[in-house]
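Structure file upload_23.pdb; described as PDB, C-alpha atoms.
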ATOM      1  CA  MET A 105     -41.024 -18.780 -34.748
ATOM      2  CA  SER A 106     -39.477 -15.435 -33.980
ATOM      3  CA  LYS A 107     -40.162 -13.961 -30.627
ATOM      4  CA  VAL A 108     -41.126 -10.413 -29.698
ATOM      5  CA  GLU A 109     -38.536  -8.746 -27.471
ATOM      6  CA  ARG A 110     -39.695  -6.263 -24.854
ATOM      7  CA  LEU A 111     -37.992  -3.823 -22.554
ATOM      8  CA  GLU A 112     -39.436  -1.502 -19.937
ATOM      9  CA  ILE A 113     -36.981   1.138 -18.815
ATOM     10  CA  GLU A 114     -36.913   4.453 -16.940
ATOM     11  CA  SER A 115     -36.491   7.589 -19.029
ATOM     12  CA  GLN A 116     -32.924   8.410 -17.978
ATOM     13  CA  VAL A 117     -30.090   9.229 -20.341
ATOM     14  CA  GLU A 118     -27.829   6.741 -18.519
ATOM     15  CA  ASN A 119     -30.153   3.936 -19.641
ATOM     16  CA  LEU A 120     -29.108   4.377 -23.277
ATOM     17  CA  THR A 121     -26.308   1.839 -22.788
ATOM     18  CA  LYS A 122     -28.770  -0.738 -21.477
ATOM     19  CA  ILE A 123     -31.058  -0.147 -24.445
ATOM     20  CA  GLU A 124     -28.102  -0.549 -26.825
ATOM     21  CA  ALA A 125     -27.194  -3.879 -25.254
ATOM     22  CA  TRP A 126     -30.817  -5.011 -25.544
ATOM     23  CA  MET A 127     -30.952  -4.050 -29.239
ATOM     24  CA  ASP A 128     -27.619  -5.721 -29.969
ATOM     25  CA  SER A 129     -28.721  -9.008 -28.496
ATOM     26  CA  PHE A 130     -31.898  -8.826 -30.604
ATOM     27  CA  CYS A 131     -29.872  -8.046 -33.741
ATOM     28  CA  GLU A 132     -27.411 -10.848 -33.115
ATOM     29  CA  SER A 133     -30.177 -13.419 -33.164
ATOM     30  CA  HIS A 134     -32.322 -11.867 -35.917
ATOM     31  CA  PHE A 135     -30.530  -9.278 -38.045
ATOM     32  CA  PRO A 136     -26.794  -9.618 -38.245
ATOM     33  CA  ALA A 137     -26.416  -6.924 -40.961
ATOM     34  CA  VAL A 138     -24.373  -4.077 -39.492
ATOM     35  CA  GLU A 139     -26.096  -1.458 -41.634
ATOM     36  CA  PHE A 140     -29.462  -2.312 -40.148
ATOM     37  CA  ARG A 141     -28.086  -2.312 -36.639
ATOM     38  CA  HIS A 142     -26.907   1.245 -37.051
ATOM     39  CA  LYS A 143     -30.319   2.393 -38.253
ATOM     40  CA  LEU A 144     -32.039   0.700 -35.354
ATOM     41  CA  HIS A 145     -29.659   2.241 -32.816
ATOM     42  CA  LEU A 146     -30.132   5.690 -34.251
ATOM     43  CA  VAL A 147     -33.921   5.527 -34.405
ATOM     44  CA  VAL A 148     -34.276   4.114 -30.900
ATOM     45  CA  GLU A 149     -31.869   6.676 -29.460
ATOM     46  CA  GLU A 150     -33.634   9.597 -31.112
ATOM     47  CA  LEU A 151     -37.054   8.468 -29.910
ATOM     48  CA  PHE A 152     -35.846   7.592 -26.425
ATOM     49  CA  MET A 153     -33.933  10.874 -25.990
ATOM     50  CA  ASN A 154     -37.005  12.708 -27.167
ATOM     51  CA  ALA A 155     -39.090  11.048 -24.459
ATOM     52  CA  VAL A 156     -36.393  11.822 -21.874
ATOM     53  CA  MET A 157     -35.762  15.454 -22.808
ATOM     54  CA  HIS A 158     -39.195  16.569 -23.988
ATOM     55  CA  GLY A 159     -41.915  14.027 -23.291
ATOM     56  CA  TYR A 160     -41.083  13.652 -19.619
ATOM     57  CA  GLY A 161     -39.509  17.104 -19.484
ATOM     58  CA  GLY A 162     -35.867  16.525 -18.525
ATOM     59  CA  ASP A 163     -34.200  14.281 -15.993
ATOM     60  CA  SER A 164     -36.024  15.632 -12.950
ATOM     61  CA  GLU A 165     -39.356  13.920 -13.505
ATOM     62  CA  GLY A 166     -39.038  10.888 -15.719
ATOM     63  CA  GLY A 167     -41.247   7.897 -16.212
ATOM     64  CA  PRO A 168     -41.328   4.543 -17.934
ATOM     65  CA  VAL A 169     -40.590   3.898 -21.597
ATOM     66  CA  TRP A 170     -41.779   0.657 -23.172
ATOM     67  CA  LEU A 171     -39.947  -0.785 -26.155
ATOM     68  CA  ALA A 172     -40.848  -3.793 -28.267
ATOM     69  CA  LEU A 173     -39.141  -5.315 -31.299
ATOM     70  CA  HIS A 174     -41.319  -7.509 -33.502
ATOM     71  CA  PRO A 175     -39.529  -9.574 -36.139
ATOM     72  CA  LEU A 176     -41.430  -9.435 -39.456
ATOM     73  CA  PRO A 177     -40.980 -11.805 -42.402
ATOM     74  CA  GLU A 178     -38.967  -9.134 -44.255
ATOM     75  CA  GLY A 179     -37.933  -6.709 -41.587
ATOM     76  CA  VAL A 180     -38.660  -5.624 -38.048
ATOM     77  CA  ALA A 181     -41.198  -3.402 -36.324
ATOM     78  CA  LEU A 182     -40.264  -1.255 -33.373
ATOM     79  CA  ILE A 183     -42.887   0.107 -31.008
ATOM     80  CA  MET A 184     -42.067   2.668 -28.374
ATOM     81  CA  GLU A 185     -44.529   3.953 -25.812
ATOM     82  CA  ASP A 186     -44.371   6.462 -22.999
ATOM     83  CA  ASP A 187     -46.682   7.792 -20.370
ATOM     84  CA  ALA A 188     -45.927  11.488 -20.903
ATOM     85  CA  PRO A 189     -48.673  13.963 -21.904
ATOM     86  CA  PRO A 190     -49.986  13.297 -25.443
ATOM     87  CA  PHE A 191     -47.597  14.726 -28.028
ATOM     88  CA  ASN A 192     -47.359  13.756 -31.669
ATOM     89  CA  VAL A 193     -43.673  14.228 -32.298
ATOM     90  CA  LEU A 194     -44.156  13.478 -36.011
ATOM     91  CA  LYS A 195     -46.591  16.329 -36.476
ATOM     92  CA  ASP A 196     -46.074  18.842 -33.698
ATOM     93  CA  GLY A 197     -42.294  18.851 -33.258
ATOM     94  CA  PRO A 198     -40.132  21.662 -34.664
ATOM     95  CA  ALA A 199     -39.439  21.551 -38.403
ATOM     96  CA  PRO A 200     -35.782  20.816 -39.085
ATOM     97  CA  ASP A 201     -33.657  23.406 -40.834
ATOM     98  CA  THR A 202     -31.051  21.830 -43.101
ATOM     99  CA  GLU A 203     -30.099  24.963 -45.003
ATOM    100  CA  SER A 204     -29.079  27.798 -42.667
ATOM    101  CA  ALA A 205     -25.448  28.677 -41.998
ATOM    102  CA  VAL A 206     -23.681  27.706 -38.766
ATOM    103  CA  GLU A 207     -24.479  30.990 -36.989
ATOM    104  CA  ASP A 208     -28.210  30.842 -37.725
ATOM    105  CA  ARG A 209     -28.826  27.134 -37.580
ATOM    106  CA  PRO A 210     -31.490  26.366 -34.980
ATOM    107  CA  ILE A 211     -30.915  23.320 -32.829
ATOM    108  CA  GLY A 212     -33.939  21.070 -33.019
ATOM    109  CA  GLY A 213     -36.056  18.861 -35.203
ATOM    110  CA  LEU A 214     -33.030  16.934 -36.460
ATOM    111  CA  GLY A 215     -33.698  13.783 -34.488
ATOM    112  CA  ILE A 216     -37.125  13.153 -35.955
ATOM    113  CA  MET A 217     -35.838  13.950 -39.426
ATOM    114  CA  LEU A 218     -33.188  11.249 -39.001
ATOM    115  CA  VAL A 219     -35.872   8.826 -37.797
ATOM    116  CA  ARG A 220     -37.981   9.481 -40.889
ATOM    117  CA  ASN A 221     -34.969   8.956 -43.122
ATOM    118  CA  MET A 222     -33.843   5.715 -41.524
ATOM    119  CA  ALA A 223     -37.238   4.023 -41.238
ATOM    120  CA  ASP A 224     -39.525   2.678 -43.952
ATOM    121  CA  HIS A 225     -42.716   3.422 -42.051
ATOM    122  CA  VAL A 226     -43.354   5.776 -39.130
ATOM    123  CA  SER A 227     -46.638   6.376 -37.365
ATOM    124  CA  TYR A 228     -47.946   7.877 -34.142
ATOM    125  CA  GLU A 229     -51.060   7.209 -32.155
ATOM    126  CA  TYR A 230     -52.300   7.943 -28.660
ATOM    127  CA  ASP A 231     -54.142   5.297 -26.725
ATOM    128  CA  LYS A 232     -53.578   5.902 -23.002
ATOM    129  CA  ARG A 233     -49.882   6.214 -23.952
ATOM    130  CA  ASN A 234     -47.883   7.944 -26.677
ATOM    131  CA  ARG A 235     -47.092   5.222 -29.181
ATOM    132  CA  ILE A 236     -44.690   5.410 -32.104
ATOM    133  CA  THR A 237     -44.521   2.516 -34.540
ATOM    134  CA  ILE A 238     -41.544   2.151 -36.852
ATOM    135  CA  VAL A 239     -41.024  -0.460 -39.561
ATOM    136  CA  PHE A 240     -37.656  -1.280 -41.084
ATOM    137  CA  GLY A 241     -37.898  -3.270 -44.263
ATOM    138  CA  ARG A 242     -41.284  -4.542 -45.345
ATOM    139  CA  GLY A 243     -44.255  -5.864 -43.501
ATOM    140  CA  GLN A 244     -47.422  -4.987 -41.733
ATOM    141  CA  PRO A 245     -46.748  -3.378 -38.353
ATOM    142  CA  PRO A 246     -48.413  -5.274 -35.523
ATOM    143  CA  CYS A 247     -51.652  -3.793 -34.265
ATOM    144  CA  GLY A 248     -51.727  -2.399 -30.767
ATOM    145  CA  GLY A 249     -48.874  -1.417 -28.534
ATOM    146  CA  THR A 250     -45.974  -2.885 -26.644
ATOM    147  CA  GLU A 251     -48.258  -4.773 -24.337
ATOM    148  CA  ILE A 252     -50.636  -6.305 -26.876
ATOM    149  CA  ASP A 253     -49.944  -9.718 -25.594
ATOM    150  CA  VAL A 254     -48.501  -8.763 -22.254
ATOM    151  CA  GLY A 255     -50.409 -10.386 -19.459
ATOM    152  CA  GLY A 256     -50.515 -13.023 -22.110
ATOM    153  CA  SER A 257     -47.029 -11.886 -23.285
ATOM    154  CA  ALA A 258     -44.775 -13.823 -25.625
ATOM    155  CA  GLU A 259     -43.916 -16.376 -22.963
ATOM    156  CA  ALA A 260     -47.533 -16.977 -22.064
ATOM    157  CA  GLY A 261     -48.414 -17.187 -25.745
ATOM    158  CA  THR A 262     -46.237 -20.237 -26.119
ATOM    159  CA  GLN A 263     -47.492 -21.876 -22.966
ATOM    160  CA  GLU A 264     -50.121 -24.519 -23.044
ATOM    161  CA  SER A 265     -53.299 -23.367 -21.425
ATOM    162  CA  ALA A 266     -53.317 -24.386 -17.816
ATOM    163  CA  PRO A 267     -55.650 -27.176 -16.926
TER     164      PRO A 267
ATOM    165  CA  MET B 119     -16.219   8.368 -26.529
ATOM    166  CA  ASP B 120     -12.695   9.713 -26.377
ATOM    167  CA  CYS B 121     -11.512  13.159 -27.444
ATOM    168  CA  ARG B 122      -7.883  14.322 -27.789
ATOM    169  CA  ALA B 123      -6.519  17.648 -28.967
ATOM    170  CA  SER B 124      -3.065  18.080 -30.525
ATOM    171  CA  ARG B 125      -1.553  21.406 -31.531
ATOM    172  CA  ASP B 126       0.605  22.402 -34.457
ATOM    173  CA  GLY B 127       1.202  26.157 -34.556
ATOM    174  CA  HIS B 128      -2.182  27.880 -34.588
ATOM    175  CA  THR B 129      -3.956  24.738 -35.749
ATOM    176  CA  VAL B 130      -5.583  22.293 -33.346
ATOM    177  CA  VAL B 131      -6.647  18.844 -34.410
ATOM    178  CA  VAL B 132      -9.367  17.406 -32.204
ATOM    179  CA  GLU B 133      -9.503  13.673 -32.692
ATOM    180  CA  VAL B 134     -12.722  11.993 -31.573
ATOM    181  CA  GLU B 135     -13.185   8.259 -31.155
ATOM    182  CA  GLY B 136     -16.139   6.031 -30.357
ATOM    183  CA  ARG B 137     -19.833   6.816 -30.194
ATOM    184  CA  ILE B 138     -21.257  10.337 -30.001
ATOM    185  CA  ASP B 139     -24.737   9.746 -28.603
ATOM    186  CA  GLY B 140     -27.093  11.308 -26.095
ATOM    187  CA  ALA B 141     -25.012   9.970 -23.231
ATOM    188  CA  THR B 142     -21.616  11.220 -24.501
ATOM    189  CA  ALA B 143     -22.443  14.382 -26.478
ATOM    190  CA  GLY B 144     -22.194  16.627 -23.417
ATOM    191  CA  ASP B 145     -18.696  15.311 -22.661
ATOM    192  CA  LEU B 146     -17.653  15.920 -26.247
ATOM    193  CA  GLU B 147     -18.761  19.536 -26.074
ATOM    194  CA  THR B 148     -16.885  20.088 -22.807
ATOM    195  CA  SER B 149     -13.673  18.361 -23.844
ATOM    196  CA  MET B 150     -13.595  20.033 -27.266
ATOM    197  CA  MET B 151     -13.944  23.460 -25.715
ATOM    198  CA  ALA B 152     -11.330  22.585 -23.070
ATOM    199  CA  GLY B 153      -8.881  21.475 -25.751
ATOM    200  CA  ILE B 154      -9.125  24.709 -27.721
ATOM    201  CA  GLU B 155      -7.172  27.753 -26.570
ATOM    202  CA  GLU B 156      -7.828  31.429 -27.217
ATOM    203  CA  THR B 157      -4.793  31.757 -29.461
ATOM    204  CA  ASP B 158      -5.931  28.942 -31.749
ATOM    205  CA  LYS B 159      -7.023  30.078 -35.191
ATOM    206  CA  PHE B 160      -7.872  26.792 -36.896
ATOM    207  CA  VAL B 161      -9.701  23.823 -35.498
ATOM    208  CA  VAL B 162      -9.881  20.565 -37.416
ATOM    209  CA  CYS B 163     -12.282  18.006 -35.972
ATOM    210  CA  ASP B 164     -11.201  14.521 -37.057
ATOM    211  CA  LEU B 165     -14.124  12.102 -36.840
ATOM    212  CA  SER B 166     -12.467   9.149 -38.589
ATOM    213  CA  GLY B 167     -12.551   7.153 -35.348
ATOM    214  CA  VAL B 168     -16.248   7.787 -34.774
ATOM    215  CA  SER B 169     -18.533   4.854 -35.539
ATOM    216  CA  TYR B 170     -21.863   6.408 -34.579
ATOM    217  CA  VAL B 171     -23.375   9.861 -34.278
ATOM    218  CA  SER B 172     -26.935  10.827 -33.362
ATOM    219  CA  SER B 173     -28.672  14.207 -33.401
ATOM    220  CA  ALA B 174     -27.345  14.805 -29.875
ATOM    221  CA  GLY B 175     -23.823  14.493 -31.306
ATOM    222  CA  LEU B 176     -24.612  16.810 -34.206
ATOM    223  CA  ARG B 177     -26.014  19.301 -31.714
ATOM    224  CA  ALA B 178     -22.802  19.219 -29.628
ATOM    225  CA  ILE B 179     -20.659  19.801 -32.723
ATOM    226  CA  LEU B 180     -22.926  22.643 -33.817
ATOM    227  CA  VAL B 181     -22.739  24.295 -30.383
ATOM    228  CA  VAL B 182     -18.932  24.180 -30.494
ATOM    229  CA  ALA B 183     -18.861  25.451 -34.094
ATOM    230  CA  LYS B 184     -21.179  28.349 -33.259
ATOM    231  CA  ARG B 185     -18.969  29.379 -30.364
ATOM    232  CA  LEU B 186     -15.827  29.160 -32.500
ATOM    233  CA  SER B 187     -17.482  31.097 -35.278
ATOM    234  CA  LYS B 188     -18.119  33.953 -32.824
ATOM    235  CA  GLN B 189     -14.446  33.856 -31.841
ATOM    236  CA  LYS B 190     -13.474  33.997 -35.539
ATOM    237  CA  VAL B 191     -11.885  30.571 -35.350
ATOM    238  CA  ASP B 192     -11.896  28.565 -38.571
ATOM    239  CA  PHE B 193     -13.621  25.210 -38.026
ATOM    240  CA  SER B 194     -13.504  22.197 -40.309
ATOM    241  CA  ILE B 195     -14.354  18.521 -40.151
ATOM    242  CA  CYS B 196     -12.624  15.525 -41.679
ATOM    243  CA  GLY B 197     -12.771  11.733 -41.700
ATOM    244  CA  LEU B 198     -16.504  11.167 -42.127
ATOM    245  CA  THR B 199     -17.154   7.534 -42.967
ATOM    246  CA  GLY B 200     -20.060   5.129 -43.390
ATOM    247  CA  PRO B 201     -23.085   5.789 -41.200
ATOM    248  CA  VAL B 202     -21.541   8.948 -39.729
ATOM    249  CA  ALA B 203     -21.162  10.441 -43.222
ATOM    250  CA  GLU B 204     -24.760   9.454 -43.948
ATOM    251  CA  VAL B 205     -26.081  11.228 -40.840
ATOM    252  CA  PHE B 206     -24.064  14.355 -41.726
ATOM    253  CA  HIS B 207     -25.487  14.252 -45.223
ATOM    254  CA  ILE B 208     -29.147  13.757 -44.253
ATOM    255  CA  SER B 209     -28.990  16.598 -41.729
ATOM    256  CA  GLY B 210     -27.231  18.949 -44.149
ATOM    257  CA  PHE B 211     -24.262  19.212 -41.765
ATOM    258  CA  ASP B 212     -21.877  18.300 -44.585
ATOM    259  CA  ARG B 213     -22.913  21.536 -46.280
ATOM    260  CA  ILE B 214     -22.711  23.991 -43.361
ATOM    261  CA  PHE B 215     -19.205  22.940 -42.353
ATOM    262  CA  LYS B 216     -16.037  22.734 -44.359
ATOM    263  CA  VAL B 217     -15.662  19.002 -44.795
ATOM    264  CA  TYR B 218     -12.455  17.321 -45.974
ATOM    265  CA  GLU B 219     -11.780  13.685 -46.605
ATOM    266  CA  THR B 220      -8.542  13.498 -44.703
ATOM    267  CA  ARG B 221      -6.884  15.339 -41.865
ATOM    268  CA  GLU B 222      -3.958  16.186 -44.142
ATOM    269  CA  GLU B 223      -6.269  17.990 -46.580
ATOM    270  CA  ALA B 224      -7.938  19.923 -43.767
ATOM    271  CA  GLN B 225      -4.584  20.916 -42.294
ATOM    272  CA  ALA B 226      -3.179  21.902 -45.683
ATOM    273  CA  GLU B 227      -6.193  24.150 -46.227
ATOM    274  CA  ALA B 228      -5.746  25.705 -42.776
ATOM    275  CA  THR B 229      -2.052  26.308 -43.437
ATOM    276  CA  ALA B 230      -2.804  27.890 -46.823
ATOM    277  CA  ASN B 231      -5.397  30.191 -45.245
ATOM    278  CA  SER B 232      -3.115  31.207 -42.413
ATOM    279  CA  GLY B 233      -0.493  32.183 -44.991
ATOM    280  CA  GLN B 234      -2.917  34.520 -46.718
ATOM    281  CA  SER B 235      -4.048  36.398 -43.611
TER     282      SER B 235
END

Could you express the structure from this file as C-alpha cells?
Amino acid sequence: MSKVERLEIESQVENLTKIEAWMDSFCESHFPAVEFRHKLHLVVEELFMNAVMHGYGGDSEGGPVWLALHPLPEGVALIMEDDAPPFNVLKDGPAPDTESAVEDRPIGGLGIMLVRNMADHVSYEYDKRNRITIVFGRGQPPCGGTEIDVGGSAEAGTQESAP
Amino acid sequence: MDCRASRDGHTVVVEVEGRIDGATAGDLETSMMAGIEETDKFVVCDLSGVSYVSSAGLRAILVVAKRLSKQKVDFSICGLTGPVAEVFHISGFDRIFKVYETREEAQAEATANSGQS
C-alpha cells in the first residue's frame, strides 16, 4: 500500500531546494512521469512562496509549513498547511491580469492562476491552520489536514497495537 | 540558474540556463540588468536552456522588461520549450513579449529593425 509522505519545514525561501528533493523522491517511487513532476514542483513552489512572502509576511517572521503527499488510485493529493493568519488565497488574492501590455502589467496573482491551471482540484479551508488541498489526476482528496493520522501517523498506522 | 550575456553590435543575447524559481529569480534579475549596458538597443533573452520557470521567474523577467521598455530598449524572448512554454502561455506572457522560436530569428528581427531606425 502506498504511503503518505510528510514534510514540516520553516517558511524560508532557501528551503525550496529541500522541498524539491522531497518531492523528487516521492515522484521517483510513485509517479515517474516527468510531466507530472513539473506540475507538482510548480504548484508546491507557488503555494510555498505564497506562504513565505504573504502568509507569514516576508522572511523576517516566518513559521512552519506542513506538506503532505497522498497517493491516490489515479493520482495524488497534496495538502499544504500554514499557521499564518487566515487567508483564502483562492478567493481573496489579487486577480491575475493576462492581457495588459508590459508597461501596465501588474505583478501579482499569477502564481495562483498557475496553480489552478496545473491542478485538477483546488480547495481551501481554515481549521486552526490555513489548509490548501490540491488533487492531480482523479480521486477523492483525503479528509482533514496534513496531520490527520499524525500522532498515529503513517508509521504508527502500520504498527501493531502495543500490548 | 546560470545567466550569460554576449554582445554583437547593439544586440545583447542573454542566455539563461537551469531553473528560474523563487530561490533564483532575484539573481536572474540582477545578472540580467548587470549584463545589459546603456548603449544596448536590443536584448534577446534565450531561455532554451531553462527547464523550469515559476511565477517568481516570470515576475523577474517582467521587471527587467519593464525597465528596458522605459529605456527604449527592444526586448524579445526565444527558445521556449515544454513546460516553460506552457507557463508562458497560461500567464499570457507569450503575448506581451515578442517571442521567437530560435535565437537566430530573434537576432535577425533585431538586425532588421536596427537597419530601419

Please list as a ChimeraX atom specification every residue within 10 Å of segment 214-226 of chain B, counting all atoms listed in the file and excluding residues in the same chain fewer than 3 positions away. /A:202-207,209 /B:126,129-131,133,160-166,180,183,192-199,206,209-211,229-232

All file atoms of segment 208-223 of chain A boxed axis-aligned, 3 Å per side, centre plus edges, as lines of an AutoDock Vina configuration file:
center_x = -33.1
center_y = 17.4
center_z = -38.0
size_x = 15.8
size_y = 32.8
size_z = 16.3

Result set of the PyMOL selection byres ((chain B) within 9 of (chain A)) on the coordinates above, as a list in words: Asp139, Gly140, Ala141, Tyr170, Val171, Ser172, Ser173, Ala174, Leu176, Arg177, Leu180, Val181, Ala183, Lys184, Arg185, Ser187, Lys188, Pro201, Val205, Ile208, Ser209, Gly210, Phe211, Arg213, Ile214 and Phe215 of chain B

Residues at most 9 Å from segment 158-172 of chain A, counting only C-alpha atoms, excluding those fewer than 4 positions away in the same chain, as a list in words? Val108, Glu109, Arg110, Leu111, Glu112, Ile113, Glu114, Ser115, Gln116, Val117, Val148, Phe152, Met153, Asn154, Ala181, Leu182, Ile183, Met184, Glu185, Asp186, Asp187, Ala188, Pro189, Pro190, Phe191, Gly249, Thr250 and Glu251 of chain A

Which residues are close to Ser169 of chain B, i.e. within 7 Å by all atoms listed in the file, leaving aside same-chain residues fewer than 2 positions away? Reply as a PyMOL selection string. chain B and resi 136-137+167+202

Between atom CA of Asp224 of chain A and atom CA of Ala125 of chain A, what is the distance, to one decimal in Å?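 Distance between the two atoms: 23.3 Å.
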
Starting from the shown file, work through the PyMOL selection byres ((chain B and resi 153) around 8) and note down what comes out as JSON, numbers by chain. {"B": [122, 123, 132, 149, 150, 151, 152, 154, 155]}

Quick one: pull the distance between atom CA of Arg220 of chain A and atom CA of Val239 of chain A, Å, one decimal. 10.5 Å

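A straight line drawn from atom CA of Glu135 of chain B to atom CA of Val168 of chain B is 4.8 Å long.
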
Specify as a list in words each residue included when the PyMOL selection byres ((chain A and resi 227-231) around 9) is applied to this file. Pro190, Phe191, Asn192, Val193, Leu194, Lys195, His225, Val226, Lys232, Arg233, Asn234, Arg235, Ile236, Thr237, Ile238 and Gly249 of chain A

Expected file: the selected residues, C-alpha atoms, as a tab-separated table (two decimals), keeping the file's coordinate frame:
chain	number	residue	atom	x	y	z
A	190	PRO	CA	-49.99	13.30	-25.44
A	191	PHE	CA	-47.60	14.73	-28.03
A	192	ASN	CA	-47.36	13.76	-31.67
A	193	VAL	CA	-43.67	14.23	-32.30
A	194	LEU	CA	-44.16	13.48	-36.01
A	195	LYS	CA	-46.59	16.33	-36.48
A	225	HIS	CA	-42.72	3.42	-42.05
A	226	VAL	CA	-43.35	5.78	-39.13
A	232	LYS	CA	-53.58	5.90	-23.00
A	233	ARG	CA	-49.88	6.21	-23.95
A	234	ASN	CA	-47.88	7.94	-26.68
A	235	ARG	CA	-47.09	5.22	-29.18
A	236	ILE	CA	-44.69	5.41	-32.10
A	237	THR	CA	-44.52	2.52	-34.54
A	238	ILE	CA	-41.54	2.15	-36.85
A	249	GLY	CA	-48.87	-1.42	-28.53

Could you complete segment 194-213 of chain B so that it carries N, CA and C atoms, and give it back as a JSON list (two decimals), keeping the file's coordinate frame?
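Just written: rebuild.json:
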[["chain", "number", "residue", "atom", "x", "y", "z"],
["B", 194, "SER", "N", -13.22, 23.15, -39.23],
["B", 194, "SER", "CA", -13.50, 22.20, -40.31],
["B", 194, "SER", "C", -13.57, 20.78, -39.75],
["B", 195, "ILE", "N", -14.15, 19.91, -40.56],
["B", 195, "ILE", "CA", -14.35, 18.52, -40.15],
["B", 195, "ILE", "C", -13.72, 17.60, -41.19],
["B", 196, "CYS", "N", -13.15, 16.50, -40.72],
["B", 196, "CYS", "CA", -12.62, 15.52, -41.68],
["B", 196, "CYS", "C", -12.88, 14.11, -41.17],
["B", 197, "GLY", "N", -12.71, 13.15, -42.08],
["B", 197, "GLY", "CA", -12.77, 11.73, -41.70],
["B", 197, "GLY", "C", -14.17, 11.18, -41.51],
["B", 198, "LEU", "N", -15.14, 11.72, -42.24],
["B", 198, "LEU", "CA", -16.50, 11.17, -42.13],
["B", 198, "LEU", "C", -16.58, 9.87, -42.92],
["B", 199, "THR", "N", -17.03, 8.81, -42.25],
["B", 199, "THR", "CA", -17.15, 7.53, -42.97],
["B", 199, "THR", "C", -18.49, 6.87, -42.68],
["B", 200, "GLY", "N", -18.90, 6.00, -43.58],
["B", 200, "GLY", "CA", -20.06, 5.13, -43.39],
["B", 200, "GLY", "C", -21.29, 5.82, -42.84],
["B", 201, "PRO", "N", -21.84, 5.25, -41.76],
["B", 201, "PRO", "CA", -23.08, 5.79, -41.20],
["B", 201, "PRO", "C", -22.95, 7.23, -40.69],
["B", 202, "VAL", "N", -21.75, 7.59, -40.23],
["B", 202, "VAL", "CA", -21.54, 8.95, -39.73],
["B", 202, "VAL", "C", -21.66, 9.95, -40.89],
["B", 203, "ALA", "N", -21.06, 9.59, -42.03],
["B", 203, "ALA", "CA", -21.16, 10.44, -43.22],
["B", 203, "ALA", "C", -22.63, 10.56, -43.65],
["B", 204, "GLU", "N", -23.36, 9.46, -43.55],
["B", 204, "GLU", "CA", -24.76, 9.45, -43.95],
["B", 204, "GLU", "C", -25.58, 10.41, -43.07],
["B", 205, "VAL", "N", -25.36, 10.36, -41.77],
["B", 205, "VAL", "CA", -26.08, 11.23, -40.84],
["B", 205, "VAL", "C", -25.73, 12.71, -41.12],
["B", 206, "PHE", "N", -24.47, 12.98, -41.39],
["B", 206, "PHE", "CA", -24.06, 14.36, -41.73],
["B", 206, "PHE", "C", -24.75, 14.81, -43.01],
["B", 207, "HIS", "N", -24.89, 13.89, -43.94],
["B", 207, "HIS", "CA", -25.49, 14.25, -45.22],
["B", 207, "HIS", "C", -26.99, 14.52, -45.08],
["B", 208, "ILE", "N", -27.69, 13.60, -44.41],
["B", 208, "ILE", "CA", -29.15, 13.76, -44.25],
["B", 208, "ILE", "C", -29.48, 15.07, -43.55],
["B", 209, "SER", "N", -28.69, 15.40, -42.53],
["B", 209, "SER", "CA", -28.99, 16.60, -41.73],
["B", 209, "SER", "C", -28.50, 17.88, -42.39],
["B", 210, "GLY", "N", -27.76, 17.75, -43.48],
["B", 210, "GLY", "CA", -27.23, 18.95, -44.15],
["B", 210, "GLY", "C", -25.97, 19.48, -43.48],
["B", 211, "PHE", "N", -25.46, 18.75, -42.48],
["B", 211, "PHE", "CA", -24.26, 19.21, -41.76],
["B", 211, "PHE", "C", -23.01, 19.16, -42.64],
["B", 212, "ASP", "N", -23.05, 18.34, -43.70],
["B", 212, "ASP", "CA", -21.88, 18.30, -44.58],
["B", 212, "ASP", "C", -21.84, 19.52, -45.50],
["B", 213, "ARG", "N", -22.91, 20.32, -45.46],
["B", 213, "ARG", "CA", -22.91, 21.54, -46.28],
["B", 213, "ARG", "C", -22.67, 22.80, -45.45]]
